[in-house]
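K.L.:
I am sharing data-v3.cif, which consists of mmCIF, C-alpha atoms:
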```cif
data_structure
#
loop_
_atom_site.label_atom_id
_atom_site.label_comp_id
_atom_site.auth_asym_id
_atom_site.auth_seq_id
_atom_site.Cartn_x
_atom_site.Cartn_y
_atom_site.Cartn_z
CA MET J 17 1.35 -6.68 7.97
CA ASN J 18 -0.92 -4.32 6.03
CA THR J 19 -0.40 -3.65 2.35
CA LEU J 20 -0.92 -0.30 0.63
CA TYR J 21 -1.92 -0.82 -3.00
CA LEU J 22 -1.59 2.20 -5.28
CA ASP J 23 -3.84 1.95 -8.31
CA ILE J 24 -2.33 4.53 -10.66
CA PHE J 25 -4.66 4.04 -13.60
CA SER J 26 -4.73 7.83 -13.91
CA GLY J 27 -1.14 8.56 -12.86
CA ILE J 28 0.35 9.88 -9.64
CA SER J 29 1.66 13.16 -8.26
CA GLY J 30 2.68 14.31 -4.81
CA ASP J 31 -0.60 16.06 -4.05
CA MET J 32 -2.66 13.15 -5.40
CA PHE J 33 -0.77 10.78 -3.09
CA LEU J 34 -1.34 13.01 -0.06
CA GLY J 35 -5.01 13.41 -0.91
CA ALA J 36 -5.44 9.65 -1.15
CA MET J 37 -3.67 9.14 2.20
CA ILE J 38 -5.97 11.65 3.91
CA ASP J 39 -9.02 10.02 2.29
CA LEU J 40 -7.76 6.71 3.70
CA GLY J 41 -7.99 8.22 7.16
CA ILE J 42 -4.65 9.84 7.93
CA ASN J 43 -5.25 12.52 10.59
CA VAL J 44 -4.58 15.94 9.02
CA GLY J 45 -3.69 17.44 12.40
CA GLU J 46 -1.02 14.82 13.02
CA LEU J 47 0.25 15.25 9.47
CA ASN J 48 0.58 19.04 9.81
CA LYS J 49 2.13 18.69 13.27
CA ALA J 50 4.82 16.48 11.78
CA ILE J 51 5.34 18.83 8.81
CA SER J 52 5.89 21.72 11.23
CA LYS J 53 9.01 19.87 12.43
CA LEU J 54 10.59 20.84 9.12
CA ASN J 55 10.91 24.34 10.69
CA ILE J 56 10.15 26.42 7.59
CA GLY J 57 7.43 28.60 9.08
CA ASP J 58 3.65 28.50 9.05
CA VAL J 59 3.15 26.06 6.19
CA LYS J 60 0.47 23.39 6.26
CA ILE J 61 -1.60 21.01 4.19
CA GLU J 62 -5.26 21.88 3.68
CA PRO J 63 -7.50 19.12 2.27
CA LYS J 64 -10.93 19.59 0.77
CA LYS J 65 -13.49 17.22 -0.70
CA THR J 66 -14.01 17.48 -4.45
CA ASN J 67 -15.67 15.56 -7.24
CA CYS J 68 -13.74 14.10 -10.18
CA SER J 69 -16.02 12.74 -12.89
CA GLY J 70 -18.46 11.52 -10.25
CA ILE J 71 -15.75 10.17 -7.90
CA SER J 72 -15.56 11.80 -4.45
CA ALA J 73 -11.90 12.52 -3.74
CA VAL J 74 -9.65 14.68 -1.55
CA LYS J 75 -7.77 17.59 -3.13
CA VAL J 76 -4.76 18.84 -1.21
CA ASP J 77 -3.31 22.35 -1.21
CA VAL J 78 -0.17 23.55 0.53
CA ILE J 79 -1.05 26.73 2.39
CA VAL J 80 1.52 29.37 3.31
CA HIS J 81 0.29 31.77 6.02
CA GLU J 82 -0.92 34.95 4.35
CA SER J 83 1.40 37.09 6.50
CA ILE J 84 4.43 35.25 5.14
CA HIS J 85 5.65 36.10 1.67
CA GLU J 86 7.27 33.39 -0.46
CA SER J 87 10.61 35.19 -0.21
CA ASP J 88 10.32 35.09 3.59
CA ILE J 89 9.83 31.34 3.44
CA GLN J 90 12.91 31.01 1.28
CA LYS J 91 14.83 33.18 3.73
CA ILE J 92 13.77 30.93 6.64
CA ILE J 93 14.94 27.88 4.72
CA TYR J 94 18.22 29.53 3.77
CA GLU J 95 18.98 30.57 7.35
CA HIS J 96 17.96 27.16 8.68
CA THR J 97 20.08 25.16 6.24
CA HIS J 98 23.09 27.44 6.70
CA ARG J 99 22.93 27.69 10.49
CA HIS J 100 25.44 24.86 10.72
CA PRO J 101 27.61 25.21 7.60
CA ASP J 102 28.60 21.95 5.95
CA LYS J 103 32.20 21.95 4.81
CA HIS J 104 31.15 19.89 1.79
CA HIS J 105 28.44 22.37 0.78
CA HIS J 106 29.37 24.35 -2.31
CA HIS J 107 27.71 26.15 -5.16
CA ASN J 108 28.29 25.81 -8.86
CA ASP J 109 28.23 28.54 -11.46
CA ASP J 110 24.43 28.51 -11.52
CA ASP J 111 24.41 29.26 -7.79
CA ILE J 112 26.67 32.26 -8.30
CA HIS J 113 24.41 33.49 -11.08
CA ASN J 114 21.36 33.15 -8.84
CA HIS J 115 23.03 35.11 -6.05
CA SER J 116 23.96 37.93 -8.39
CA GLU J 117 20.37 38.15 -9.60
CA ASN J 118 19.16 38.56 -6.01
CA GLU J 119 21.84 41.02 -4.96
CA SER J 120 19.29 43.78 -4.49
CA ASN J 121 17.36 41.51 -2.10
CA LYS J 122 20.15 39.94 -0.06
CA GLY J 123 17.74 38.29 2.38
CA GLU J 124 16.20 36.15 -0.34
CA HIS J 125 17.44 32.76 -1.46
CA THR J 126 15.57 30.45 -3.79
CA ILE J 127 16.03 26.90 -2.53
CA ARG J 128 16.86 24.87 -5.59
CA ASN J 129 20.07 23.04 -4.66
CA PHE J 130 19.78 19.37 -3.63
CA LEU J 131 22.26 19.85 -0.78
CA ASP J 132 20.13 22.72 0.58
CA ILE J 133 17.06 20.49 0.72
CA LYS J 134 19.01 17.55 2.13
CA GLN J 135 20.47 19.70 4.91
CA LEU J 136 17.05 21.19 5.62
CA ILE J 137 15.65 17.69 6.17
CA GLU J 138 18.59 16.44 8.22
CA ASN J 139 18.51 19.50 10.50
CA SER J 140 14.77 19.11 11.14
CA ASN J 141 13.01 17.43 14.05
CA LEU J 142 11.36 14.82 11.83
CA SER J 143 11.70 11.15 12.76
CA ASP J 144 14.84 9.38 11.58
CA TRP J 145 12.78 7.13 9.30
CA VAL J 146 11.04 10.07 7.61
CA LYS J 147 14.38 11.88 7.21
CA GLU J 148 15.95 8.82 5.60
CA LYS J 149 13.08 8.20 3.20
CA ALA J 150 12.63 11.86 2.26
CA VAL J 151 16.33 12.22 1.43
CA LYS J 152 16.13 9.04 -0.68
CA VAL J 153 13.13 10.38 -2.63
CA PHE J 154 14.92 13.68 -3.30
CA THR J 155 18.09 11.78 -4.21
CA ARG J 156 16.22 9.90 -6.92
CA ILE J 157 15.04 13.21 -8.40
CA ALA J 158 18.50 14.80 -8.07
CA GLU J 159 20.19 11.87 -9.79
CA ALA J 160 17.67 12.01 -12.62
CA GLU J 161 18.08 15.77 -13.08
CA GLY J 162 21.86 15.44 -12.82
CA LYS J 163 21.89 12.88 -15.61
CA ILE J 164 19.67 15.07 -17.78
CA HIS J 165 21.81 18.17 -17.28
CA GLY J 166 25.16 16.39 -17.20
CA CYS J 167 26.16 17.50 -13.70
CA SER J 168 26.63 16.06 -10.23
CA PRO J 169 23.39 15.33 -8.33
CA ASP J 170 24.71 17.51 -5.47
CA ASN J 171 24.79 20.51 -7.79
CA VAL J 172 21.36 19.99 -9.29
CA HIS J 173 19.03 22.99 -9.12
CA PHE J 174 15.48 21.76 -8.93
CA HIS J 175 12.85 23.48 -11.00
CA GLU J 176 9.27 22.58 -10.19
CA VAL J 177 10.38 20.26 -7.38
CA GLY J 178 12.26 23.06 -5.65
CA ALA J 179 9.02 24.87 -4.81
CA ILE J 180 7.70 24.86 -1.25
CA ASP J 181 4.57 22.85 -2.09
CA SER J 182 6.60 20.09 -3.74
CA ILE J 183 8.96 19.89 -0.76
CA VAL J 184 5.96 19.57 1.55
CA ASP J 185 4.39 16.97 -0.79
CA ILE J 186 7.44 14.71 -0.52
CA ILE J 187 7.94 15.19 3.22
CA GLY J 188 4.20 14.72 3.74
CA ALA J 189 4.18 11.51 1.70
CA CYS J 190 6.89 9.99 3.89
CA ILE J 191 5.09 11.11 7.06
CA ALA J 192 1.78 9.67 5.80
CA ILE J 193 3.32 6.25 5.19
CA GLU J 194 4.83 6.33 8.66
CA LEU J 195 1.43 7.25 10.14
CA LEU J 196 -0.10 4.29 8.28
CA GLY J 197 2.33 2.00 10.10
CA LYS J 198 4.87 1.64 7.26
CA PRO J 199 2.82 -0.86 5.22
CA LYS J 200 4.19 -2.89 2.37
CA VAL J 201 3.59 -0.84 -0.81
CA ILE J 202 2.53 -2.44 -4.08
CA CYS J 203 1.81 -0.41 -7.19
CA SER J 204 -0.19 -1.18 -10.30
CA PRO J 205 1.66 -1.05 -13.64
CA VAL J 206 2.59 2.55 -14.42
CA ILE J 207 0.36 4.35 -16.92
CA GLU J 208 1.35 7.72 -18.41
CA GLY J 209 -0.52 10.09 -20.72
CA SER J 210 0.48 11.09 -24.24
CA GLY J 211 1.38 14.30 -26.02
CA PHE J 212 3.66 17.16 -25.07
CA VAL J 213 4.05 19.20 -21.90
CA THR J 214 5.62 22.54 -21.13
CA CYS J 215 8.12 22.26 -18.27
CA ALA J 216 11.33 23.95 -17.13
CA HIS J 217 13.16 22.26 -20.02
CA GLY J 218 10.73 23.62 -22.64
CA GLN J 219 8.39 21.53 -24.81
CA PHE J 220 8.97 17.84 -24.25
CA PRO J 221 7.08 14.68 -25.15
CA LEU J 222 5.63 12.66 -22.33
CA PRO J 223 6.92 11.19 -20.11
CA VAL J 224 8.93 14.27 -19.11
CA PRO J 225 12.71 13.66 -18.89
CA ALA J 226 12.94 13.54 -15.08
CA THR J 227 10.01 11.13 -14.74
CA LEU J 228 11.46 8.83 -17.38
CA GLU J 229 14.92 8.83 -15.78
CA ILE J 230 13.52 8.10 -12.31
CA LEU J 231 11.48 5.15 -13.56
CA ALA J 232 14.37 3.86 -15.68
CA ALA J 233 16.81 3.95 -12.76
CA ARG J 234 14.54 1.64 -10.78
CA GLY J 235 13.78 -0.52 -13.83
CA ILE J 236 10.06 0.27 -13.74
CA GLN J 237 8.06 -0.49 -16.88
CA ILE J 238 5.79 2.22 -18.22
CA SER J 239 2.96 2.27 -20.77
CA GLN J 240 1.21 5.22 -22.38
CA CYS J 241 -2.52 5.61 -22.88
CA ASP J 242 -4.68 7.94 -24.95
CA GLU J 243 -5.26 10.41 -22.09
CA PRO J 244 -3.72 13.73 -23.24
CA GLY J 245 -1.36 15.39 -20.76
CA GLU J 246 1.03 14.47 -17.98
CA MET J 247 -0.25 11.86 -15.54
CA VAL J 248 2.94 10.82 -13.75
CA THR J 249 5.00 13.70 -12.32
CA PRO J 250 8.66 13.44 -11.22
CA THR J 251 7.52 13.68 -7.59
CA GLY J 252 4.99 10.89 -8.06
CA ALA J 253 7.55 8.75 -9.91
CA ALA J 254 10.12 9.22 -7.13
CA ILE J 255 7.59 8.26 -4.44
CA ILE J 256 6.66 4.96 -6.09
CA ALA J 257 10.27 4.24 -7.07
CA GLU J 258 11.29 4.52 -3.41
CA PHE J 259 8.39 2.83 -1.67
CA ALA J 260 6.83 0.29 -4.06
CA GLU J 261 8.23 -3.22 -3.65
CA GLN J 262 6.55 -4.51 -6.80
CA PHE J 263 4.42 -3.39 -9.73
CA SER J 264 1.60 -5.81 -10.47
CA PRO J 265 -2.18 -6.27 -10.41
CA MET J 266 -3.81 -6.97 -7.06
CA LYS J 267 -3.49 -10.55 -5.90
CA SER J 268 -4.78 -12.17 -2.69
CA LEU J 269 -5.43 -8.81 -1.02
CA LYS J 270 -8.40 -8.04 1.20
CA PRO J 271 -9.35 -4.33 0.94
CA THR J 272 -10.12 -2.67 4.28
CA ARG J 273 -10.06 1.04 3.38
CA ILE J 274 -10.12 2.90 0.07
CA GLY J 275 -9.09 6.50 -0.57
CA TYR J 276 -9.02 8.78 -3.62
CA GLY J 277 -6.61 11.65 -4.16
CA ALA J 278 -7.57 14.27 -6.74
CA GLY J 279 -5.24 15.84 -9.28
CA SER J 280 -5.28 19.45 -10.42
CA ARG J 281 -6.80 18.97 -13.86
CA GLU J 282 -9.86 17.25 -15.25
CA GLY J 283 -9.22 14.05 -17.16
CA GLN J 284 -10.75 13.56 -20.60
CA THR J 285 -10.83 9.76 -20.72
CA ARG J 286 -10.74 8.86 -17.00
CA PRO J 287 -11.18 10.51 -13.57
CA ASN J 288 -7.97 12.28 -12.57
CA VAL J 289 -7.62 10.47 -9.26
CA LEU J 290 -5.16 8.18 -7.52
CA ARG J 291 -6.84 5.23 -5.83
CA ALA J 292 -5.11 4.00 -2.67
CA ILE J 293 -6.29 0.74 -1.14
CA LEU J 294 -5.25 -0.35 2.33
CA CYS J 295 -5.41 -4.13 2.42
CA GLU J 296 -4.85 -7.15 4.55
CA SER J 297 -2.54 -9.65 2.90
CA SER J 298 -1.83 -13.29 3.58
CA GLU J 299 1.03 -12.10 5.80
CA SER J 300 -1.16 -9.75 7.85
CA LYS J 301 -1.38 -12.13 10.81
CA SER J 302 2.24 -13.26 10.71
CA VAL J 303 5.16 -11.78 12.62
CA GLU J 304 6.51 -8.62 11.05
CA ARG J 305 9.97 -9.14 9.62
CA ASP J 306 12.74 -6.58 9.34
CA TRP J 307 14.50 -8.14 6.39
CA GLU J 308 15.93 -6.00 3.62
CA THR J 309 14.36 -5.94 0.14
CA ASP J 310 15.69 -5.04 -3.27
CA VAL J 311 14.94 -5.61 -6.95
CA ILE J 312 17.43 -7.45 -9.16
CA SER J 313 17.56 -8.73 -12.73
CA VAL J 314 18.06 -12.38 -13.63
CA ILE J 315 19.71 -12.67 -17.08
CA GLU J 316 19.87 -16.07 -18.78
CA THR J 317 21.08 -17.64 -21.99
CA ASN J 318 21.53 -21.23 -23.25
CA LEU J 319 24.95 -22.17 -24.66
CA ASP J 320 25.94 -25.38 -26.44
CA ASP J 321 29.08 -24.26 -28.27
CA ILE J 322 31.24 -22.35 -25.79
CA ASN J 323 34.78 -23.27 -24.76
CA SER J 324 34.92 -24.04 -21.03
CA GLU J 325 38.00 -21.84 -20.58
CA ILE J 326 36.18 -18.88 -22.13
CA LEU J 327 33.19 -19.56 -19.92
CA GLY J 328 35.41 -19.58 -16.81
CA ALA J 329 37.04 -16.30 -17.86
CA PHE J 330 33.60 -14.74 -18.40
CA VAL J 331 32.40 -15.69 -14.91
CA GLU J 332 35.49 -14.07 -13.40
CA LYS J 333 35.11 -10.90 -15.48
CA ALA J 334 31.40 -10.58 -14.73
CA LEU J 335 31.96 -10.85 -10.97
CA GLN J 336 34.75 -8.30 -11.15
CA SER J 337 32.39 -5.98 -13.07
CA GLY J 338 29.81 -6.02 -10.27
CA ALA J 339 27.56 -9.00 -11.00
CA LEU J 340 25.88 -10.23 -7.83
CA ASP J 341 26.30 -13.87 -8.84
CA VAL J 342 27.06 -15.95 -11.93
CA PHE J 343 26.44 -19.68 -12.35
CA TYR J 344 25.63 -22.31 -14.95
CA THR J 345 23.36 -25.34 -14.98
CA PRO J 346 23.61 -28.47 -17.20
CA ILE J 347 20.70 -28.66 -19.67
CA GLN J 348 19.77 -30.43 -22.89
CA MET J 349 19.02 -28.35 -25.97
CA LYS J 350 17.52 -29.13 -29.38
CA LYS J 351 18.94 -32.06 -31.34
CA ASN J 352 19.75 -33.63 -27.94
CA ARG J 353 22.82 -31.45 -27.51
CA PRO J 354 24.28 -31.21 -23.99
CA ALA J 355 24.59 -27.57 -23.01
CA ILE J 356 24.60 -25.16 -20.09
CA LYS J 357 22.23 -22.41 -18.99
CA LEU J 358 24.28 -19.37 -18.01
CA THR J 359 22.56 -17.29 -15.30
CA LEU J 360 23.72 -13.89 -14.09
CA LEU J 361 22.24 -11.84 -11.25
CA CYS J 362 22.76 -8.07 -11.19
CA PRO J 363 21.16 -4.83 -9.91
CA ALA J 364 18.09 -4.06 -12.02
CA GLU J 365 19.55 -0.79 -13.26
CA ASN J 366 22.58 -2.63 -14.74
CA THR J 367 20.61 -5.10 -16.87
CA ASP J 368 21.71 -3.67 -20.20
CA VAL J 369 25.38 -3.52 -19.12
CA PHE J 370 25.53 -7.22 -18.28
CA ALA J 371 23.34 -8.27 -21.22
CA ALA J 372 25.91 -6.59 -23.48
CA LEU J 373 28.75 -8.28 -21.59
CA ILE J 374 27.22 -11.72 -22.18
CA LEU J 375 26.69 -11.03 -25.89
CA ASN J 376 30.24 -9.71 -26.31
CA GLU J 377 32.11 -12.27 -24.21
CA THR J 378 30.26 -15.54 -24.92
CA THR J 379 28.83 -17.31 -27.97
CA ALA J 380 25.27 -16.22 -27.12
CA PHE J 381 23.09 -14.77 -29.88
CA GLY J 382 20.56 -13.44 -27.38
CA VAL J 383 19.62 -13.25 -23.72
CA ARG J 384 16.40 -13.20 -21.73
CA PHE J 385 15.85 -11.48 -18.44
CA TYR J 386 13.26 -10.77 -15.78
CA GLU J 387 13.14 -8.74 -12.58
CA THR J 388 12.58 -10.33 -9.20
CA ILE J 389 12.44 -9.22 -5.57
CA ARG J 390 14.87 -10.45 -2.93
CA ARG J 391 14.39 -10.77 0.81
CA LYS J 392 17.73 -10.47 2.59
CA LEU J 393 18.86 -10.87 6.16
CA LYS J 394 20.39 -7.78 7.70
CA ARG J 395 24.13 -8.31 7.71
CA GLU J 396 26.70 -7.35 10.31
CA PHE J 397 30.35 -8.29 10.81
CA VAL J 398 32.07 -9.20 14.06
CA VAL J 399 35.70 -10.20 14.61
CA VAL J 400 36.53 -13.31 16.63
CA LYS J 401 39.93 -14.32 17.94
CA THR J 402 41.26 -17.79 17.23
CA LYS J 403 44.66 -19.34 18.04
CA TYR J 404 45.55 -18.75 14.40
CA GLY J 405 44.53 -15.07 14.35
CA ASP J 406 41.49 -12.82 13.90
CA VAL J 407 38.65 -13.89 11.62
CA ARG J 408 35.68 -11.83 10.50
CA ILE J 409 32.28 -13.48 10.92
CA LYS J 410 29.33 -12.41 8.77
CA GLU J 411 26.11 -12.52 10.79
CA GLY J 412 22.67 -12.62 9.20
CA LYS J 413 19.95 -11.20 11.45
CA LEU J 414 16.15 -11.34 11.31
CA ASN J 415 14.19 -9.29 13.86
CA GLY J 416 17.37 -8.88 15.88
CA ASN J 417 18.14 -12.60 16.06
CA ILE J 418 21.21 -14.17 14.48
CA VAL J 419 19.93 -16.88 12.13
CA GLN J 420 23.07 -17.32 10.01
CA ALA J 421 26.77 -16.95 10.76
CA ALA J 422 29.68 -17.68 8.43
CA PRO J 423 33.44 -17.03 8.69
CA GLU J 424 34.95 -14.98 5.90
CA PHE J 425 36.67 -17.54 3.70
CA GLU J 426 39.54 -15.28 2.64
CA ASP J 427 40.45 -14.62 6.29
CA CYS J 428 40.51 -18.35 7.00
CA LYS J 429 42.49 -19.03 3.84
CA ALA J 430 45.17 -16.47 4.71
CA LEU J 431 45.56 -17.74 8.28
CA ALA J 432 45.65 -21.37 7.14
CA LEU J 433 48.37 -20.58 4.63
CA LYS J 434 50.39 -18.75 7.26
CA ALA J 435 50.05 -21.57 9.82
CA ASN J 436 50.41 -24.34 7.21
CA MET J 437 47.10 -25.78 8.35
CA PRO J 438 44.06 -27.06 6.42
CA ILE J 439 41.54 -24.29 5.80
CA ARG J 440 38.86 -26.54 7.29
CA ILE J 441 40.58 -26.49 10.69
CA VAL J 442 40.81 -22.68 10.79
CA TYR J 443 37.18 -22.41 9.59
CA GLU J 444 35.95 -24.70 12.37
CA GLU J 445 37.99 -22.77 14.96
CA ALA J 446 36.33 -19.53 13.82
CA ILE J 447 32.84 -21.05 14.13
CA LEU J 448 33.66 -22.31 17.62
CA ALA J 449 35.02 -18.89 18.66
CA HIS J 450 31.87 -17.19 17.40
CA SER J 451 29.66 -19.66 19.27
CA LYS J 452 31.53 -18.89 22.51
CA LEU J 453 31.21 -15.14 21.83
CA ARG J 454 27.42 -15.43 21.48
CA LYS J 455 27.13 -17.23 24.82
CA GLU J 456 29.05 -14.52 26.71
#
```
The structure in this file should be written as structure tokens.
P.N.:
Amino acid sequence: MNTLYLDIFSGISGDMFLGAMIDLGINVGELNKAISKLNIGDVKIEPKKTNCSGISAVKVDVIVHESIHESDIQKIIYEHTHRHPDKHHHHNDDDIHNHSENESNKGEHTIRNFLDIKQLIENSNLSDWVKEKAVKVFTRIAEAEGKIHGCSPDNVHFHEVGAIDSIVDIIGACIAIELLGKPKVICSPVIEGSGFVTCAHGQFPLPVPATLEILAARGIQISQCDEPGEMVTPTGAAIIAEFAEQFSPMKSLKPTRIGYGAGSREGQTRPNVLRAILCESSESKSVERDWETDVISVIETNLDDINSEILGAFVEKALQSGALDVFYTPIQMKKNRPAIKLTLLCPAENTDVFAALILNETTAFGVRFYETIRRKLKREFVVVKTKYGDVRIKEGKLNGNIVQAAPEFEDCKALALKANMPIRIVYEEAILAHSKLRKE
């Protein structure tokens, strides 16, 4: 499969990403045709070649037809998203305040609410994949804004991101990746500028609150450089948080196409461009796999003085608290002491929670952790009938083929207890029943 490497040495924004995709060769006509499926009127992307500190790049503008006023666009969106009312859709006090402000212009509605944007996307004629990814990108922004403002993500009123051009930037980014063939996305380490910026929240140091929350939720590391001004926008952060599988320098990649997307300002210490590199990787000639991918944290500590009963209680508590797995390995520590290495796996965003749990519940004086990427089989459950009763079977699929199948132990345990039979017998019966089911 192809790999899309995003070199964000000068940051990333929605328009920079789109510009880089077009410079890579994405057909603008196809891109605008897909954007029109959003059904918000005559809105399109218009690229133009520009020069950033000697680098030829593509600058993207979102063009609204001159005969359509911004309020008309908002009216189209409002009517479109409310054509099929959602019983779960509601407005908070801010919504009521906004409506009262516009009472003299009842046709107007400023689209700021996350549910408005989500419904707009879901009611569109975009592909299912683009819909899914676009909603996920907006969800990341909504969750970040909700945390900042102390409210539910559903009730978040977007500021800059609620504007038409930002909506088109995000939808366009998802469409562009689909047009590229949904490549694997790798991103360079995230670099942000320094100083302060004026945003909807007032004067804030960089990174702006939403950008920082989005990156933190995904567990993405960030470094600042001496370039004054914002380099990573919330939209750009949400795009890489959703699509990038890893953040690292290039390794074993063969560049085939290179594109540059221009930002809106001129950089003082570096060209204000996003470099996108379409590459062939070592997997480019292998069969494409539809496995699932996520990022987890591996937390470890070495213990040579813990009571085994306390250790057992910790493992139980950690699993009940949402740890993905907990295990320990015999090791030898300094002074030839026998000890164990305690290892805990958890979602990357919960690293601090479980690090604190280890420090509070065990004799550890410190922990170490690192993030890693998992490849997982798609999982489905089927129910098979045995002479002892029904048993759920967990199937692991890769490219539509069942490569793993395992009976649910608790089902087998309950049936074995009821029938006064060894669990092994019930387990084997379930495997046999599943094998027969697959042959039918």
K.L.:
Return the single residue from J:Ile238, J:Leu231, J:Ile71, J:Val369 that is closest to J:Ser210, with distances computed using all atoms listed in the file.
P.N.:
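Once distances to J:Ser210 are computed over all atoms listed in the file, the minimum belongs to J:Ile238.
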K.L.:
Have a look at J:His450, J:Lys198, J:Lys163, J:His173 and name the one nearest to J:Leu228; count only C-alpha atoms.
P.N.:
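Of all the options, J:Lys163 lies closest to J:Leu228.
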K.L.:
To verify the selection step, state as a list in words which residues the PyMOL selection byres ((chain J and resi 159) around 9) yields on this input.
P.N.:
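So the PyMOL selection byres ((chain J and resi 159) around 9), applied here, picks out Phe154, Thr155, Arg156, Ile157, Ala158, Ala160, Glu161, Gly162, Lys163, Ile164, Ser168, Pro169, Asp170, Val172, Glu229 and Ile230 of chain J.
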K.L.:
Residues of stretch 240-326 of chain J that have any atom at most 12 Å from an atom of stretch 402-412 of chain J: could you tabulate them with the shortest-distance atom pair and the distance in Å to one decimal, using all atoms listed in the file, ordered by chain and increasing number, as a tab-separated table?
P.N.:
```
residue	atom	partner	partner_atom	distance
J:Asp306	CA	J:Gly412	CA	11.6
J:Trp307	CA	J:Gly412	CA	9.7
J:Glu308	CA	J:Gly412	CA	11.0
```
K.L.:
Apply the PyMOL selection byres ((chain J and resi 316) around 10) to the displayed file and report the matching residues as a PyMOL selection string.
P.N.:
chain J and resi 313-315+317-319+342-344+357-361+371+374+380+382-386
K.L.:
Run through the PyMOL selection byres ((chain J and resi 222) around 8) on the given coordinates and return the selected residues as a list of chain:residue names.
P.N.:
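That selection, the PyMOL selection byres ((chain J and resi 222) around 8), comes back as J:Glu208, J:Gly209, J:Ser210, J:Gly211, J:Phe212, J:Val213, J:Phe220, J:Pro221, J:Pro223, J:Val224, J:Pro225, J:Gly245, J:Glu246.
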K.L.:
Between J:Ser182, J:Thr388, J:Asn323, J:Thr66, which is the closest to J:Gln262 once you count all atoms listed in the file?
P.N.:
J:Thr388
K.L.:
Excluding stretch 27-37 of chain J and its own-chain neighbours fewer than 2 positions away, which residues fall within 8 Å of it when counting only C-alpha atoms? Please give them as a ChimeraX atom specification.
P.N.:
/J:24-25,39-42,63,73-77,182,185-186,188-189,192,206-208,247-253,255,275-279,288-292
K.L.:
For the residues in the current selection, export C-alpha atoms as a PDB file, in the coordinates of the input.
P.N.:
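Here's the written file selection02.pdb:
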```pdb
ATOM      1  CA  ILE J  24      -2.330   4.530 -10.660  1.00  0.00           C
ATOM      2  CA  PHE J  25      -4.660   4.040 -13.600  1.00  0.00           C
ATOM      3  CA  ASP J  39      -9.020  10.020   2.290  1.00  0.00           C
ATOM      4  CA  LEU J  40      -7.760   6.710   3.700  1.00  0.00           C
ATOM      5  CA  GLY J  41      -7.990   8.220   7.160  1.00  0.00           C
ATOM      6  CA  ILE J  42      -4.650   9.840   7.930  1.00  0.00           C
ATOM      7  CA  PRO J  63      -7.500  19.120   2.270  1.00  0.00           C
ATOM      8  CA  ALA J  73     -11.900  12.520  -3.740  1.00  0.00           C
ATOM      9  CA  VAL J  74      -9.650  14.680  -1.550  1.00  0.00           C
ATOM     10  CA  LYS J  75      -7.770  17.590  -3.130  1.00  0.00           C
ATOM     11  CA  VAL J  76      -4.760  18.840  -1.210  1.00  0.00           C
ATOM     12  CA  ASP J  77      -3.310  22.350  -1.210  1.00  0.00           C
ATOM     13  CA  SER J 182       6.600  20.090  -3.740  1.00  0.00           C
ATOM     14  CA  ASP J 185       4.390  16.970  -0.790  1.00  0.00           C
ATOM     15  CA  ILE J 186       7.440  14.710  -0.520  1.00  0.00           C
ATOM     16  CA  GLY J 188       4.200  14.720   3.740  1.00  0.00           C
ATOM     17  CA  ALA J 189       4.180  11.510   1.700  1.00  0.00           C
ATOM     18  CA  ALA J 192       1.780   9.670   5.800  1.00  0.00           C
ATOM     19  CA  VAL J 206       2.590   2.550 -14.420  1.00  0.00           C
ATOM     20  CA  ILE J 207       0.360   4.350 -16.920  1.00  0.00           C
ATOM     21  CA  GLU J 208       1.350   7.720 -18.410  1.00  0.00           C
ATOM     22  CA  MET J 247      -0.250  11.860 -15.540  1.00  0.00           C
ATOM     23  CA  VAL J 248       2.940  10.820 -13.750  1.00  0.00           C
ATOM     24  CA  THR J 249       5.000  13.700 -12.320  1.00  0.00           C
ATOM     25  CA  PRO J 250       8.660  13.440 -11.220  1.00  0.00           C
ATOM     26  CA  THR J 251       7.520  13.680  -7.590  1.00  0.00           C
ATOM     27  CA  GLY J 252       4.990  10.890  -8.060  1.00  0.00           C
ATOM     28  CA  ALA J 253       7.550   8.750  -9.910  1.00  0.00           C
ATOM     29  CA  ILE J 255       7.590   8.260  -4.440  1.00  0.00           C
ATOM     30  CA  GLY J 275      -9.090   6.500  -0.570  1.00  0.00           C
ATOM     31  CA  TYR J 276      -9.020   8.780  -3.620  1.00  0.00           C
ATOM     32  CA  GLY J 277      -6.610  11.650  -4.160  1.00  0.00           C
ATOM     33  CA  ALA J 278      -7.570  14.270  -6.740  1.00  0.00           C
ATOM     34  CA  GLY J 279      -5.240  15.840  -9.280  1.00  0.00           C
ATOM     35  CA  ASN J 288      -7.970  12.280 -12.570  1.00  0.00           C
ATOM     36  CA  VAL J 289      -7.620  10.470  -9.260  1.00  0.00           C
ATOM     37  CA  LEU J 290      -5.160   8.180  -7.520  1.00  0.00           C
ATOM     38  CA  ARG J 291      -6.840   5.230  -5.830  1.00  0.00           C
ATOM     39  CA  ALA J 292      -5.110   4.000  -2.670  1.00  0.00           C
TER      40      ALA J 292
END
```
K.L.:
Please list as number ranges by chain every residue within 7 Å of J:Thr19, counting all atoms listed in the file and excluding residues in the same chain fewer than 6 positions away.
P.N.:
J: 199-201, 294-297
K.L.:
For a quick check of understanding, using all atoms listed in the file, which of J:Arg273, J:Leu47, J:Thr227, J:Arg234 has the smallest distance to J:Leu20?
P.N.:
J:Arg273
K.L.:
Could you tell me how far atom CA of J:His165 sits from atom CA of J:Gly218, in Å to one decimal place?
P.N.:
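We find that atom CA of J:Gly218 and atom CA of J:His165 lie 13.5 Å from each other.
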